[in-house]
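Quick look at query19.cif (mmCIF, C-alpha atoms and all ligand atoms):
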data_model
#
loop_
_atom_site.label_atom_id
_atom_site.label_comp_id
_atom_site.auth_asym_id
_atom_site.auth_seq_id
_atom_site.Cartn_x
_atom_site.Cartn_y
_atom_site.Cartn_z
CA MET U 1 27.37 51.19 16.28
CA THR U 2 27.15 47.70 14.78
CA ALA U 3 27.28 44.58 16.92
CA SER U 4 30.66 43.67 15.43
CA ALA U 5 32.09 47.03 16.56
CA ARG U 6 31.05 46.40 20.15
CA ALA U 7 32.77 44.07 22.59
CA ALA U 8 31.59 40.46 22.48
CA PRO U 9 28.96 39.84 25.17
CA VAL U 10 30.18 38.37 28.42
CA LEU U 11 27.74 35.85 29.83
CA THR U 12 29.17 34.93 33.20
CA PRO U 13 27.25 32.39 35.27
CA GLN U 14 26.38 35.25 37.65
CA ARG U 15 24.94 37.39 34.87
CA VAL U 16 22.99 34.48 33.39
CA GLY U 17 21.68 33.60 36.85
CA ALA U 18 20.57 37.18 37.53
CA LEU U 19 18.77 37.43 34.18
CA ARG U 20 16.93 34.17 34.68
CA ARG U 21 15.99 34.86 38.29
CA ARG U 22 14.69 38.37 37.70
CA LEU U 23 12.78 37.68 34.49
CA LEU U 24 11.17 34.53 35.90
CA ALA U 25 10.20 36.36 39.10
CA TRP U 26 8.65 39.12 36.97
CA TYR U 27 6.80 36.54 34.88
CA ASP U 28 5.39 34.75 37.92
CA VAL U 29 3.67 37.98 38.95
CA GLU U 30 3.05 39.78 35.67
CA GLY U 31 2.96 37.05 33.01
CA GLY U 32 -0.10 36.42 30.88
CA GLU U 33 -2.27 33.39 31.64
CA PHE U 34 -3.26 31.57 28.49
CA PRO U 35 -4.78 28.08 28.45
CA TRP U 36 -2.19 26.57 26.08
CA ARG U 37 0.74 27.58 28.28
CA ALA U 38 -0.16 25.15 31.05
CA ALA U 39 -2.16 22.54 29.11
CA ARG U 40 0.73 20.24 28.15
CA ASP U 41 -1.21 19.55 24.96
CA PRO U 42 0.90 19.61 21.77
CA TYR U 43 -2.15 20.24 19.57
CA ALA U 44 -3.34 23.17 21.72
CA ALA U 45 0.20 24.58 21.56
CA LEU U 46 0.35 24.15 17.77
CA VAL U 47 -2.95 25.99 17.31
CA ALA U 48 -1.77 28.81 19.61
CA ALA U 49 1.51 29.20 17.73
CA VAL U 50 -0.21 29.28 14.34
CA CYS U 51 -2.92 31.68 15.57
CA SER U 52 -0.26 34.06 16.90
CA GLN U 53 1.65 34.44 13.62
CA GLN U 54 1.39 38.09 12.53
CA THR U 55 -1.39 38.61 15.07
CA GLN U 56 -1.53 40.73 18.21
CA MET U 57 -2.01 38.81 21.46
CA ALA U 58 -5.37 40.45 22.18
CA ARG U 59 -6.75 38.76 19.06
CA VAL U 60 -5.08 35.38 19.54
CA LEU U 61 -7.12 34.08 22.49
CA PRO U 62 -10.59 34.48 20.86
CA LEU U 63 -9.30 32.92 17.66
CA TRP U 64 -7.69 30.02 19.54
CA GLU U 65 -10.90 29.45 21.54
CA ARG U 66 -13.05 29.51 18.40
CA TRP U 67 -10.79 27.02 16.65
CA MET U 68 -10.51 24.68 19.64
CA ALA U 69 -14.29 24.73 20.12
CA ALA U 70 -14.78 23.68 16.47
CA PHE U 71 -11.86 21.22 16.29
CA PRO U 72 -10.89 20.23 19.84
CA THR U 73 -8.54 17.43 18.79
CA LEU U 74 -5.90 16.76 16.17
CA ALA U 75 -8.03 13.91 14.84
CA GLY U 76 -10.98 16.28 14.49
CA ALA U 77 -8.89 18.83 12.60
CA ALA U 78 -7.61 16.09 10.28
CA VAL U 79 -11.12 15.35 9.01
CA ALA U 80 -12.19 19.01 8.86
CA ASP U 81 -13.66 20.19 5.61
CA ASP U 82 -11.49 22.97 4.13
CA ALA U 83 -14.44 25.30 3.68
CA ASN U 84 -15.53 24.73 7.28
CA ALA U 85 -11.99 25.40 8.54
CA LEU U 86 -11.91 28.67 6.60
CA ARG U 87 -15.32 29.65 8.01
CA VAL U 88 -14.16 28.97 11.58
CA TRP U 89 -11.02 31.04 10.92
CA GLY U 90 -13.32 33.83 9.78
CA GLY U 91 -11.78 37.24 9.21
CA ALA U 92 -8.72 36.68 11.41
CA GLY U 93 -6.40 37.29 8.47
CA TYR U 94 -3.77 35.14 6.76
CA PRO U 95 -6.29 32.26 6.26
CA ARG U 96 -3.49 30.07 4.94
CA ARG U 97 -2.90 29.34 8.62
CA ALA U 98 -6.26 27.53 8.95
CA LEU U 99 -5.36 25.21 6.09
CA SER U 100 -1.89 24.72 7.55
CA ILE U 101 -3.36 23.38 10.81
CA VAL U 102 -5.67 21.06 8.89
CA GLY U 103 -2.81 19.96 6.64
CA THR U 104 -0.56 19.30 9.62
CA ALA U 105 -3.30 17.26 11.33
CA ARG U 106 -3.73 15.14 8.20
CA VAL U 107 -0.01 14.44 7.94
CA CYS U 108 0.12 13.50 11.64
CA VAL U 109 -2.74 11.03 11.19
CA ARG U 110 -1.14 9.61 8.06
CA GLU U 111 2.48 9.47 9.17
CA HIS U 112 2.78 9.89 12.95
CA GLY U 113 0.09 7.64 14.42
CA GLY U 114 -2.36 10.50 14.96
CA ALA U 115 -0.11 12.58 17.25
CA LEU U 116 2.15 15.55 16.78
CA PRO U 117 5.77 14.40 16.76
CA ARG U 118 8.11 15.45 19.54
CA ASP U 119 11.20 15.51 17.36
CA GLU U 120 12.20 18.92 15.98
CA VAL U 121 13.12 17.69 12.50
CA ALA U 122 9.81 15.86 12.13
CA LEU U 123 7.90 18.93 13.32
CA LEU U 124 9.71 21.16 10.83
CA ALA U 125 8.60 18.88 7.99
CA LEU U 126 4.90 19.57 8.73
CA PRO U 127 2.92 22.08 6.61
CA GLY U 128 3.38 25.65 7.81
CA VAL U 129 5.54 24.66 10.80
CA GLY U 130 8.73 26.72 11.19
CA PRO U 131 11.26 26.95 14.03
CA PHE U 132 9.01 29.10 16.24
CA THR U 133 5.94 26.83 16.02
CA ALA U 134 8.09 23.73 16.46
CA ALA U 135 9.64 25.20 19.62
CA ILE U 136 6.23 26.15 21.02
CA VAL U 137 4.90 22.63 20.46
CA ARG U 138 7.98 21.16 22.11
CA CYS U 139 8.11 23.46 25.14
CA PHE U 140 4.40 23.88 25.95
CA GLY U 141 3.19 20.59 24.51
CA TRP U 142 5.96 18.20 25.47
CA GLY U 143 7.80 20.07 28.23
CA ASP U 144 11.08 19.99 26.29
CA ASP U 145 13.94 22.49 26.41
CA ALA U 146 13.30 24.41 23.18
CA ALA U 147 13.99 28.11 22.71
CA ALA U 148 11.06 29.84 20.98
CA ILE U 149 12.28 32.94 19.20
CA ASP U 150 9.83 35.60 18.11
CA THR U 151 10.22 39.35 17.56
CA ASN U 152 9.78 40.11 21.26
CA VAL U 153 12.36 37.55 22.32
CA VAL U 154 14.81 38.87 19.73
CA ARG U 155 14.33 42.41 21.02
CA VAL U 156 14.89 41.51 24.69
CA LEU U 157 17.89 39.23 24.17
CA GLY U 158 19.53 41.45 21.55
CA ARG U 159 19.37 44.41 23.88
CA VAL U 160 20.20 42.72 27.19
CA VAL U 161 23.00 40.49 25.91
CA HIS U 162 24.34 42.15 22.75
CA GLY U 163 23.71 45.81 23.56
CA ASP U 164 21.59 46.39 20.44
CA LEU U 165 18.94 49.07 20.17
CA GLN U 166 17.16 47.34 17.28
CA PRO U 167 18.44 43.74 17.43
CA ALA U 168 16.78 42.56 14.21
CA ARG U 169 19.07 44.99 12.38
CA GLU U 170 22.23 44.73 14.47
CA THR U 171 22.82 41.06 15.30
CA SER U 172 22.39 38.06 13.02
CA GLY U 173 19.55 35.62 13.58
CA ALA U 174 22.03 32.77 14.06
CA VAL U 175 23.83 34.63 16.86
CA LEU U 176 20.55 35.56 18.56
CA ALA U 177 19.36 31.95 18.31
CA ALA U 178 22.60 30.76 19.94
CA THR U 179 22.10 33.32 22.72
CA ALA U 180 18.52 32.13 23.25
CA ARG U 181 19.68 28.53 23.56
CA ARG U 182 22.50 29.51 25.93
CA LEU U 183 20.14 31.34 28.29
CA LEU U 184 17.35 28.75 28.35
CA PRO U 185 17.08 27.44 31.93
CA PRO U 186 17.15 23.63 31.76
CA GLY U 187 13.76 22.13 32.54
CA ASP U 188 11.98 25.49 32.62
CA ALA U 189 11.35 26.43 28.98
CA GLY U 190 7.60 26.51 29.63
CA ARG U 191 8.09 29.55 31.89
CA TRP U 192 11.20 31.07 30.31
CA ASN U 193 9.91 31.40 26.75
CA PRO U 194 6.67 33.17 27.69
CA ALA U 195 8.58 35.30 30.22
CA LEU U 196 10.76 36.70 27.41
CA MET U 197 7.75 37.09 25.08
CA ASP U 198 5.70 38.95 27.66
CA TYR U 199 8.65 41.08 28.74
CA GLY U 200 9.25 42.16 25.15
CA ALA U 201 5.57 42.93 24.71
CA ARG U 202 5.17 44.96 27.88
CA VAL U 203 8.48 46.37 29.16
CA CYS U 204 11.27 46.03 26.58
CA THR U 205 8.95 47.31 23.87
CA PRO U 206 10.15 49.05 20.68
CA ARG U 207 10.38 52.19 22.84
CA PRO U 208 11.60 50.48 26.02
CA ARG U 209 10.50 51.33 29.54
CA CYS U 210 14.02 51.10 30.98
CA GLU U 211 13.08 53.02 34.12
CA ALA U 212 10.68 50.18 35.09
CA CYS U 213 12.95 47.32 33.99
CA VAL U 214 13.94 44.52 36.39
CA VAL U 215 17.09 43.65 34.41
CA ALA U 216 18.31 47.21 33.72
CA THR U 217 21.46 46.74 35.82
CA VAL U 218 22.58 43.78 33.70
CA CYS U 219 21.36 45.08 30.33
CA ALA U 220 24.06 45.94 27.79
CA ALA U 221 21.78 48.36 25.91
CA ARG U 222 20.71 50.34 28.96
CA PRO U 223 23.65 52.82 28.78
CA ARG U 224 22.89 53.52 25.11
CA PHE U 225 19.24 54.27 25.80
CA ALA U 226 20.28 56.35 28.84
CA ARG U 227 22.52 58.44 26.57
CA GLY U 228 19.50 59.24 24.44
CA GLU U 229 20.15 56.86 21.52
CA ARG U 230 16.93 55.67 19.92
CA ALA U 231 15.89 52.42 18.22
CA GLU U 232 15.14 53.09 14.56
CA PRO U 233 11.69 51.65 13.74
CA LEU U 234 11.57 48.52 11.61
CA ARG U 235 9.91 48.71 8.21
CA ARG U 236 6.16 49.19 8.43
CA GLN U 237 3.71 46.88 6.66
CA PRO U 238 2.52 48.22 3.29
CA ALA U 239 -0.91 49.89 3.31
CA TYR U 240 -3.81 47.41 3.48
CA ALA U 241 -6.48 49.58 1.88
CA GLY U 242 -6.71 48.86 -1.83
CA SER U 243 -4.06 46.12 -1.68
CA ASP U 244 -4.37 42.63 -3.14
CA ARG U 245 -4.57 41.43 0.43
CA GLU U 246 -7.68 43.49 1.02
CA TRP U 247 -9.30 42.22 -2.18
CA ARG U 248 -8.46 38.61 -1.29
CA GLY U 249 -10.03 39.19 2.12
CA ARG U 250 -13.17 40.55 0.49
CA ILE U 251 -13.47 37.57 -1.87
CA LEU U 252 -13.06 35.06 0.95
CA ARG U 253 -15.49 36.97 3.18
CA VAL U 254 -18.19 36.82 0.50
CA LEU U 255 -17.59 33.10 -0.11
CA ARG U 256 -17.60 32.31 3.62
CA ALA U 257 -21.02 33.91 3.87
CA SER U 258 -22.36 32.05 0.84
CA ASP U 259 -24.09 28.65 1.09
CA GLY U 260 -22.85 27.44 -2.26
CA ALA U 261 -20.94 28.38 -5.38
CA LEU U 262 -21.27 31.85 -6.85
CA GLY U 263 -21.23 32.73 -10.52
CA GLY U 264 -18.46 35.06 -11.68
CA GLU U 265 -20.73 38.08 -12.19
CA GLU U 266 -22.45 37.56 -8.85
CA LEU U 267 -19.11 37.32 -7.08
CA LEU U 268 -17.91 40.53 -8.72
CA ALA U 269 -21.06 42.30 -7.60
CA ARG U 270 -20.89 41.00 -4.03
CA VAL U 271 -17.25 42.02 -3.53
CA GLY U 272 -18.12 45.49 -4.78
CA ALA U 273 -15.91 45.36 -7.86
CA ALA U 274 -16.27 48.25 -10.29
CA PRO U 275 -15.92 47.38 -14.01
CA GLY U 276 -12.26 48.39 -13.86
CA ASP U 277 -11.62 45.93 -10.99
CA ALA U 278 -12.97 42.83 -12.74
CA ALA U 279 -9.70 41.61 -14.27
CA ARG U 280 -7.87 42.06 -10.98
CA VAL U 281 -10.54 40.15 -9.04
CA ARG U 282 -10.51 37.30 -11.58
CA ALA U 283 -6.72 37.05 -11.31
CA LEU U 284 -6.94 36.97 -7.52
CA VAL U 285 -9.62 34.25 -7.64
CA ALA U 286 -7.32 32.20 -9.89
CA ALA U 287 -4.47 32.68 -7.39
CA LEU U 288 -6.73 31.69 -4.48
CA ALA U 289 -7.69 28.54 -6.40
CA ARG U 290 -4.04 27.65 -7.00
CA GLU U 291 -3.36 28.08 -3.28
CA GLY U 292 -6.27 25.85 -2.27
CA PHE U 293 -8.59 28.44 -0.75
CA VAL U 294 -11.31 28.23 -3.41
CA THR U 295 -12.35 25.99 -6.27
CA VAL U 296 -13.40 27.30 -9.66
CA GLU U 297 -16.01 24.90 -10.95
CA ARG U 298 -17.16 24.37 -14.50
CA ALA U 299 -18.87 27.44 -15.93
CA GLY U 300 -16.65 29.60 -13.74
CA ARG U 301 -18.65 29.26 -10.53
CA VAL U 302 -16.50 29.80 -7.42
CA VAL U 303 -16.87 27.97 -4.11
CA LEU U 304 -14.97 28.16 -0.82
CA GLY U 305 -12.40 25.40 -0.14
CA GLY U 306 -9.97 23.77 -2.51
CA ALA U 307 -7.90 20.76 -3.23
CA ALA U 308 -4.40 21.94 -2.37
CA CYS U 309 -4.80 21.81 1.41
CA GLY U 310 -1.83 20.32 3.18
CA GLU U 311 0.68 21.52 0.65
CA LEU U 312 0.67 25.11 1.86
CA GLY U 313 4.18 25.94 2.84
CA ALA U 314 4.14 29.33 4.61
CA ARG U 315 6.48 29.10 7.56
CA ASP U 316 5.94 30.95 10.77
CA GLY U 317 7.66 34.20 11.42
CA GLY U 318 7.15 33.83 15.13
CA ALA U 319 4.95 35.75 17.49
CA ALA U 320 4.25 35.80 21.17
CA VAL U 321 2.23 32.96 22.60
S1 LIG C 1 17.02 48.17 30.39
FE1 LIG C 1 15.72 48.92 28.73
S2 LIG C 1 16.61 48.02 26.87
FE2 LIG C 1 17.41 46.85 28.62
S3 LIG C 1 16.00 45.11 28.87
FE3 LIG C 1 15.31 46.74 30.21
S4 LIG C 1 13.74 47.82 29.01
FE4 LIG C 1 14.98 46.62 27.55
#
Let me see the file written as structure tokens.
Ligand code: SF4
Amino acid sequence: MTASARAAPVLTPQRVGALRRRLLAWYDVEGGEFPWRAARDPYAALVAAVCSQQTQMARVLPLWERWMAAFPTLAGAAVADDANALRVWGGAGYPRRALSIVGTARVCVREHGGALPRDEVALLALPGVGPFTAAIVRCFGWGDDAAAIDTNVVRVLGRVVHGDLQPARETSGAVLAATARRLLPPGDAGRWNPALMDYGARVCTPRPRCEACVVATVCAARPRFARGERAEPLRRQPAYAGSDREWRGRILRVLRASDGALGGEELLARVGAAPGDAARVRALVAALAREGFVTVERAGRVVLGGAACGELGARDGGAAV
């Protein structure tokens, strides 16, 4: 059944109150404790949001700690050497994120007096900052009422309010965003956002644990799950092995471990390229250079770090922080 075929959700003050009370009470006991959630530090929140993009929570904390140890302040990140930033990021995946943080820090020093802006529009203009990261900076960093919407939040709200099984397929992003804003308890976004994120990660999971759910009696999807309907899985990521992504990871790993530039043949050997892989690796090195991850020097020698930092435009897809 599509969302449009179901009755429009009724959000009475009583229902909204029950949802907020129960989820916040659950969070106070069961919620995850992460340093950026209570720090009231916009930079710490920015780093957490960027680290969490496409990354499971178990891997976010060590990455965040490693980054904050290397670049504890926005000013420090702004003067970071690209190659050093990529080395600190290590093999955490999607290294564009490291350059996005550095690029954002540089813009903030240049245009915002050395601080992250509080205004949503100004945040969204920063490199790699999308609606999710902007909301995380505003709610954890500045204490503002901003609804942070990631896949877990979408799943919880789409089910509880709209009666969806797989909300990302059944209700539009604009409607879910309006629902998120409507439910946000004024003055308490710093607890409410992580409460929804953690609830989606641990209870209202892709295969929900409705029998253990504290909001089951006010959840519009509960009757559907109770009848045996199932959430169709979302599309899986394409295979990593043998993909361009894997080869790019190999190239960057070799360059991170190298003290200086590598000649083309040496690079091919170190990444384990067979003769038939050479053209593909060269094309990927050229792409990495265009994106600012590496520089191809004269005579074709390749070195980590590039010149395009700060112009990288990948926007966040949102993930739990
Ligand atoms: S009752 Fe089930 S579907 Fe509804 S919020 Fe709880 S766990 Fe999710």
Give me, as a PDB file with C-alpha atoms, in the coordinates of the input, the set of residues whose atoms come within 12 Å of any atom of ligand LIG 1 (chain C), counting all atoms listed in the file.
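result_18.pdb, freshly written:
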ATOM      1  CA  LEU U  19      18.770  37.430  34.180  1.00  0.00           C
ATOM      2  CA  ARG U  22      14.690  38.370  37.700  1.00  0.00           C
ATOM      3  CA  LEU U  23      12.780  37.680  34.490  1.00  0.00           C
ATOM      4  CA  ASN U 152       9.780  40.110  21.260  1.00  0.00           C
ATOM      5  CA  VAL U 153      12.360  37.550  22.320  1.00  0.00           C
ATOM      6  CA  VAL U 154      14.810  38.870  19.730  1.00  0.00           C
ATOM      7  CA  ARG U 155      14.330  42.410  21.020  1.00  0.00           C
ATOM      8  CA  VAL U 156      14.890  41.510  24.690  1.00  0.00           C
ATOM      9  CA  LEU U 157      17.890  39.230  24.170  1.00  0.00           C
ATOM     10  CA  GLY U 158      19.530  41.450  21.550  1.00  0.00           C
ATOM     11  CA  ARG U 159      19.370  44.410  23.880  1.00  0.00           C
ATOM     12  CA  VAL U 160      20.200  42.720  27.190  1.00  0.00           C
ATOM     13  CA  VAL U 161      23.000  40.490  25.910  1.00  0.00           C
ATOM     14  CA  HIS U 162      24.340  42.150  22.750  1.00  0.00           C
ATOM     15  CA  GLY U 163      23.710  45.810  23.560  1.00  0.00           C
ATOM     16  CA  ASP U 164      21.590  46.390  20.440  1.00  0.00           C
ATOM     17  CA  LEU U 165      18.940  49.070  20.170  1.00  0.00           C
ATOM     18  CA  GLN U 166      17.160  47.340  17.280  1.00  0.00           C
ATOM     19  CA  PRO U 167      18.440  43.740  17.430  1.00  0.00           C
ATOM     20  CA  LEU U 196      10.760  36.700  27.410  1.00  0.00           C
ATOM     21  CA  TYR U 199       8.650  41.080  28.740  1.00  0.00           C
ATOM     22  CA  GLY U 200       9.250  42.160  25.150  1.00  0.00           C
ATOM     23  CA  ALA U 201       5.570  42.930  24.710  1.00  0.00           C
ATOM     24  CA  ARG U 202       5.170  44.960  27.880  1.00  0.00           C
ATOM     25  CA  VAL U 203       8.480  46.370  29.160  1.00  0.00           C
ATOM     26  CA  CYS U 204      11.270  46.030  26.580  1.00  0.00           C
ATOM     27  CA  THR U 205       8.950  47.310  23.870  1.00  0.00           C
ATOM     28  CA  PRO U 206      10.150  49.050  20.680  1.00  0.00           C
ATOM     29  CA  ARG U 207      10.380  52.190  22.840  1.00  0.00           C
ATOM     30  CA  PRO U 208      11.600  50.480  26.020  1.00  0.00           C
ATOM     31  CA  ARG U 209      10.500  51.330  29.540  1.00  0.00           C
ATOM     32  CA  CYS U 210      14.020  51.100  30.980  1.00  0.00           C
ATOM     33  CA  GLU U 211      13.080  53.020  34.120  1.00  0.00           C
ATOM     34  CA  ALA U 212      10.680  50.180  35.090  1.00  0.00           C
ATOM     35  CA  CYS U 213      12.950  47.320  33.990  1.00  0.00           C
ATOM     36  CA  VAL U 214      13.940  44.520  36.390  1.00  0.00           C
ATOM     37  CA  VAL U 215      17.090  43.650  34.410  1.00  0.00           C
ATOM     38  CA  ALA U 216      18.310  47.210  33.720  1.00  0.00           C
ATOM     39  CA  THR U 217      21.460  46.740  35.820  1.00  0.00           C
ATOM     40  CA  VAL U 218      22.580  43.780  33.700  1.00  0.00           C
ATOM     41  CA  CYS U 219      21.360  45.080  30.330  1.00  0.00           C
ATOM     42  CA  ALA U 220      24.060  45.940  27.790  1.00  0.00           C
ATOM     43  CA  ALA U 221      21.780  48.360  25.910  1.00  0.00           C
ATOM     44  CA  ARG U 222      20.710  50.340  28.960  1.00  0.00           C
ATOM     45  CA  PRO U 223      23.650  52.820  28.780  1.00  0.00           C
ATOM     46  CA  ARG U 224      22.890  53.520  25.110  1.00  0.00           C
ATOM     47  CA  PHE U 225      19.240  54.270  25.800  1.00  0.00           C
ATOM     48  CA  ALA U 226      20.280  56.350  28.840  1.00  0.00           C
ATOM     49  CA  ARG U 227      22.520  58.440  26.570  1.00  0.00           C
ATOM     50  CA  GLY U 228      19.500  59.240  24.440  1.00  0.00           C
ATOM     51  CA  GLU U 229      20.150  56.860  21.520  1.00  0.00           C
ATOM     52  CA  ARG U 230      16.930  55.670  19.920  1.00  0.00           C
ATOM     53  CA  ALA U 231      15.890  52.420  18.220  1.00  0.00           C
TER      54      ALA U 231
END
Hey, could you pull the box centre and edge lengths for segment 210-217 of chain U, axis-aligned, 3 Å padding per side, all listed atoms, to one decimal in Å, as lines of an AutoDock Vina configuration file?
center_x = 16.1
center_y = 48.3
center_z = 33.7
size_x = 16.8
size_y = 15.4
size_z = 11.4
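Each of U:Ala58, U:Val47, U:Val109, U:Ala80 was compared to Gly128 of chain U using all atoms listed in the file, and U:Val47 turns out to be the nearest.
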Atom CA of Arg97 of chain U to atom CA of Pro35 of chain U, straight-line distance in Å =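 Straight-line distance from atom CA of Pro35 of chain U to atom CA of Arg97 of chain U works out to 20.0 Å.
Across the structure, atom CA of Pro185 of chain U and atom CA of Ala38 of chain U are spaced 17.4 Å apart.
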Excluding same-chain residues fewer than 3 positions from Cys139 of chain U, what lies within 10 Å of it counting only C-alpha atoms, as a list in words?
->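 So the residues in contact are Arg37, Arg40, Pro42, Ala45, Arg118, Thr133, Ala134, Ala135, Ile136, Trp142, Gly143, Asp144, Asp145, Ala146, Ala147, Ala148, Gly187, Asp188, Ala189, Gly190, Arg191, Trp192 and Asn193 of chain U.
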Measure the distance from atom CA of Ala77 of chain U to atom CA of Asp244 of chain U in Å and round it to one decimal.
-> 28.9 Å
Would you kindly return, as a list in words, each protein, DNA or RNA residue with an atom no farther than 7 Å from any atom of segment 254-258 of chain U, considering all atoms listed in the file and excluding same-chain residues fewer than 6 positions away?
->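 My reading of the contact set: Arg87, Arg270, Val271, Val303 and Leu304 of chain U.
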Around the point (-14.6, 36.5, -1.1) in the file's coordinates, collect all residues with an atom within 12 Å, using only C-alpha atoms, and return them as a ChimeraX atom specification.
-> /U:86-87,90-91,95,245-258,261-262,264,266-273,281-282,284-285,288-289,293-295,302-305
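With all atoms listed in the file as the atoms that count, the minimum distance from Arg301 of chain U to the choices U:Val137, U:Ala286, U:Leu183, U:Leu74 is reached by U:Ala286.
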Using all atoms listed in the file, which residue out of U:Ala195, U:Leu63, U:Ala241, U:Leu124 lies closest to Thr104 of chain U?
->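 The closest residue to Thr104 of chain U is U:Leu124.
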